[in-house]
Amino acid sequence: MSASDVHKRTLYVGGLDEHVNEAILHAAFLAFGDIVDVQIPIDLQNNKHRGFGFVTFELEEDARAAMENMHHSEIFGRVLKVNIAKPQAVTNRHKAVWEEAGYFEKIKERDIEKQKEKEAAAAAAAAASASSSSAPSTTPPSSDTASASHDS
């Protein structure tokens with residue numbers, strides 16, 4: 001079975017009362033055919049469902065019959081909205097960073113900037129080294145060296 005086949009057999013059921021669970025939803029739709037799966041997503045913040053669920057039927061015809069008969073019906077005093085479920089939208093948060101526009105240009109600019117900083121630091125170090133080696137020494141000769149030259 002392909003993903004599109006499952007899509008056509010899966011119903012979105014909205015408007016669920018907070019007391020409706022997967023067993024109740026399963027029982028409400030069982031009359032229309034064999035059910036493969038029932039899911040009611042739970043909100044992790046408050047540990048309650050978010051008022052909607054999904055029912056997947058064995059056959060596409062059963063799903064269509066359930067949709068036609070259960071749309072605008074009531075469960076626990078709440079009017080249901082029943083439609084063929086839409087595939088989950090693809091978001092960019094799972095996109096590779098290099099797929100963003102201009103990613104490689106940003107990396108190249110960053111690398112050029114780092115190289116300039118390294119070159120500037122190396123030039124400053126070379127200039128400091130050159131100025132310290134070319135300056136005359138202001139330290140007087142030690143007494144050992146001076147006495148050794150007088151003894152010979």
# chains A, B, ... in the order shown; residues from 1 in each chain; ligands from 1

$ residues_around --residues "range 74-80 of chain A" --least-positions-apart "4" --cutoff "9 Å" --atoms "only C-alpha atoms" --output "list in words"
Val13, Gly14, Gly15, Leu16, Asp17, His19, Val20, Leu25, Ala28 and Met70 of chain A

$ closest_residue --among "A:Ile112, A:Leu11, A:Ile42, A:Val36" --to "Arg64 in chain A" --atoms "only C-alpha atoms"
A:Leu11

$ select_by_dssp --residues "range 41-108 of chain A" --states "alpha helix (DSSP H)" --output "PyMOL selection string"
chain A and resi 60-70+103-108

$ select_by_dssp --residues "range 40-85 of chain A" --states "strand (DSSP E)" --output "PyMOL selection string"
chain A and resi 42-43+48-49+52-57+74-75+78-79+81-84

$ write_last_selection --atoms "N, CA, C and O atoms" --output "PDB file, in the first residue's frame"
ATOM      1  N   ILE A  42      -2.338  13.629  21.608  1.00  0.00           N
ATOM      2  CA  ILE A  42      -2.380  14.198  22.949  1.00  0.00           C
ATOM      3  C   ILE A  42      -1.508  15.455  22.997  1.00  0.00           C
ATOM      4  O   ILE A  42      -0.385  15.456  22.494  1.00  0.00           O
ATOM      5  N   ASP A  43      -2.027  16.510  23.622  1.00  0.00           N
ATOM      6  CA  ASP A  43      -1.270  17.735  23.835  1.00  0.00           C
ATOM      7  C   ASP A  43      -0.327  17.492  25.010  1.00  0.00           C
ATOM      8  O   ASP A  43      -0.773  17.187  26.122  1.00  0.00           O
ATOM      9  N   LYS A  48      -4.007  16.230  27.600  1.00  0.00           N
ATOM     10  CA  LYS A  48      -5.367  15.979  27.107  1.00  0.00           C
ATOM     11  C   LYS A  48      -5.312  16.024  25.582  1.00  0.00           C
ATOM     12  O   LYS A  48      -4.386  16.592  25.001  1.00  0.00           O
ATOM     13  N   HIS A  49      -6.333  15.429  24.956  1.00  0.00           N
ATOM     14  CA  HIS A  49      -6.320  15.491  23.495  1.00  0.00           C
ATOM     15  C   HIS A  49      -6.760  16.881  23.036  1.00  0.00           C
ATOM     16  O   HIS A  49      -7.338  17.655  23.787  1.00  0.00           O
ATOM     17  N   PHE A  52      -9.387  16.530  18.223  1.00  0.00           N
ATOM     18  CA  PHE A  52      -9.506  15.892  16.914  1.00  0.00           C
ATOM     19  C   PHE A  52      -8.804  14.544  16.947  1.00  0.00           C
ATOM     20  O   PHE A  52      -8.032  14.247  17.844  1.00  0.00           O
ATOM     21  N   GLY A  53      -9.108  13.728  15.937  1.00  0.00           N
ATOM     22  CA  GLY A  53      -8.495  12.414  15.828  1.00  0.00           C
ATOM     23  C   GLY A  53      -8.486  11.949  14.393  1.00  0.00           C
ATOM     24  O   GLY A  53      -8.962  12.653  13.491  1.00  0.00           O
ATOM     25  N   PHE A  54      -7.956  10.746  14.187  1.00  0.00           N
ATOM     26  CA  PHE A  54      -7.862  10.163  12.854  1.00  0.00           C
ATOM     27  C   PHE A  54      -8.339   8.723  12.900  1.00  0.00           C
ATOM     28  O   PHE A  54      -7.992   7.981  13.815  1.00  0.00           O
ATOM     29  N   VAL A  55      -9.124   8.353  11.905  1.00  0.00           N
ATOM     30  CA  VAL A  55      -9.620   6.979  11.780  1.00  0.00           C
ATOM     31  C   VAL A  55      -9.193   6.484  10.405  1.00  0.00           C
ATOM     32  O   VAL A  55      -9.524   7.099   9.391  1.00  0.00           O
ATOM     33  N   THR A  56      -8.461   5.360  10.379  1.00  0.00           N
ATOM     34  CA  THR A  56      -8.011   4.781   9.110  1.00  0.00           C
ATOM     35  C   THR A  56      -8.774   3.492   8.865  1.00  0.00           C
ATOM     36  O   THR A  56      -8.776   2.589   9.702  1.00  0.00           O
ATOM     37  N   PHE A  57      -9.417   3.416   7.697  1.00  0.00           N
ATOM     38  CA  PHE A  57     -10.207   2.245   7.319  1.00  0.00           C
ATOM     39  C   PHE A  57      -9.396   1.320   6.432  1.00  0.00           C
ATOM     40  O   PHE A  57      -8.411   1.735   5.801  1.00  0.00           O
ATOM     41  N   GLU A  74     -23.356  13.945  15.820  1.00  0.00           N
ATOM     42  CA  GLU A  74     -22.984  14.318  17.181  1.00  0.00           C
ATOM     43  C   GLU A  74     -22.446  13.133  17.962  1.00  0.00           C
ATOM     44  O   GLU A  74     -22.951  12.024  17.841  1.00  0.00           O
ATOM     45  N   ILE A  75     -21.420  13.407  18.773  1.00  0.00           N
ATOM     46  CA  ILE A  75     -20.929  12.461  19.776  1.00  0.00           C
ATOM     47  C   ILE A  75     -20.718  13.269  21.051  1.00  0.00           C
ATOM     48  O   ILE A  75     -20.038  14.308  21.021  1.00  0.00           O
ATOM     49  N   ARG A  78     -21.359  17.043  20.882  1.00  0.00           N
ATOM     50  CA  ARG A  78     -20.520  17.891  20.023  1.00  0.00           C
ATOM     51  C   ARG A  78     -20.695  17.477  18.568  1.00  0.00           C
ATOM     52  O   ARG A  78     -20.718  16.292  18.245  1.00  0.00           O
ATOM     53  N   VAL A  79     -20.822  18.466  17.687  1.00  0.00           N
ATOM     54  CA  VAL A  79     -20.980  18.206  16.255  1.00  0.00           C
ATOM     55  C   VAL A  79     -19.606  17.919  15.652  1.00  0.00           C
ATOM     56  O   VAL A  79     -18.647  18.669  15.857  1.00  0.00           O
ATOM     57  N   LYS A  81     -16.801  17.223  12.661  1.00  0.00           N
ATOM     58  CA  LYS A  81     -16.393  17.618  11.315  1.00  0.00           C
ATOM     59  C   LYS A  81     -15.541  16.466  10.804  1.00  0.00           C
ATOM     60  O   LYS A  81     -14.497  16.150  11.384  1.00  0.00           O
ATOM     61  N   VAL A  82     -15.991  15.803   9.747  1.00  0.00           N
ATOM     62  CA  VAL A  82     -15.294  14.614   9.234  1.00  0.00           C
ATOM     63  C   VAL A  82     -14.908  14.856   7.771  1.00  0.00           C
ATOM     64  O   VAL A  82     -15.764  15.135   6.938  1.00  0.00           O
ATOM     65  N   ASN A  83     -13.616  14.746   7.496  1.00  0.00           N
ATOM     66  CA  ASN A  83     -13.077  14.930   6.141  1.00  0.00           C
ATOM     67  C   ASN A  83     -11.966  13.917   5.903  1.00  0.00           C
ATOM     68  O   ASN A  83     -11.430  13.344   6.857  1.00  0.00           O
ATOM     69  N   ILE A  84     -11.606  13.761   4.628  1.00  0.00           N
ATOM     70  CA  ILE A  84     -10.418  12.967   4.305  1.00  0.00           C
ATOM     71  C   ILE A  84      -9.223  13.731   4.880  1.00  0.00           C
ATOM     72  O   ILE A  84      -9.094  14.940   4.687  1.00  0.00           O
TER      73      ILE A  84
END

$ residues_around --residues "Asp62 in chain A" --least-positions-apart "5" --cutoff "10 Å" --atoms "only C-alpha atoms" --output "ChimeraX atom specification"
/A:9,29-35,56-57,67-68

$ closest_residue --among "A:Asn69, A:Ala63, A:Ile40, A:Glu117" --to "Ile24 in chain A" --atoms "only C-alpha atoms"
A:Ile40

$ atom_distance --atom1 "CA of Ser73 in chain A" --atom2 "CA of Glu58 in chain A"
22.0 Å

$ atom_distance --atom1 "CA of Tyr12 in chain A" --atom2 "CA of Val38 in chain A"
10.3 Å
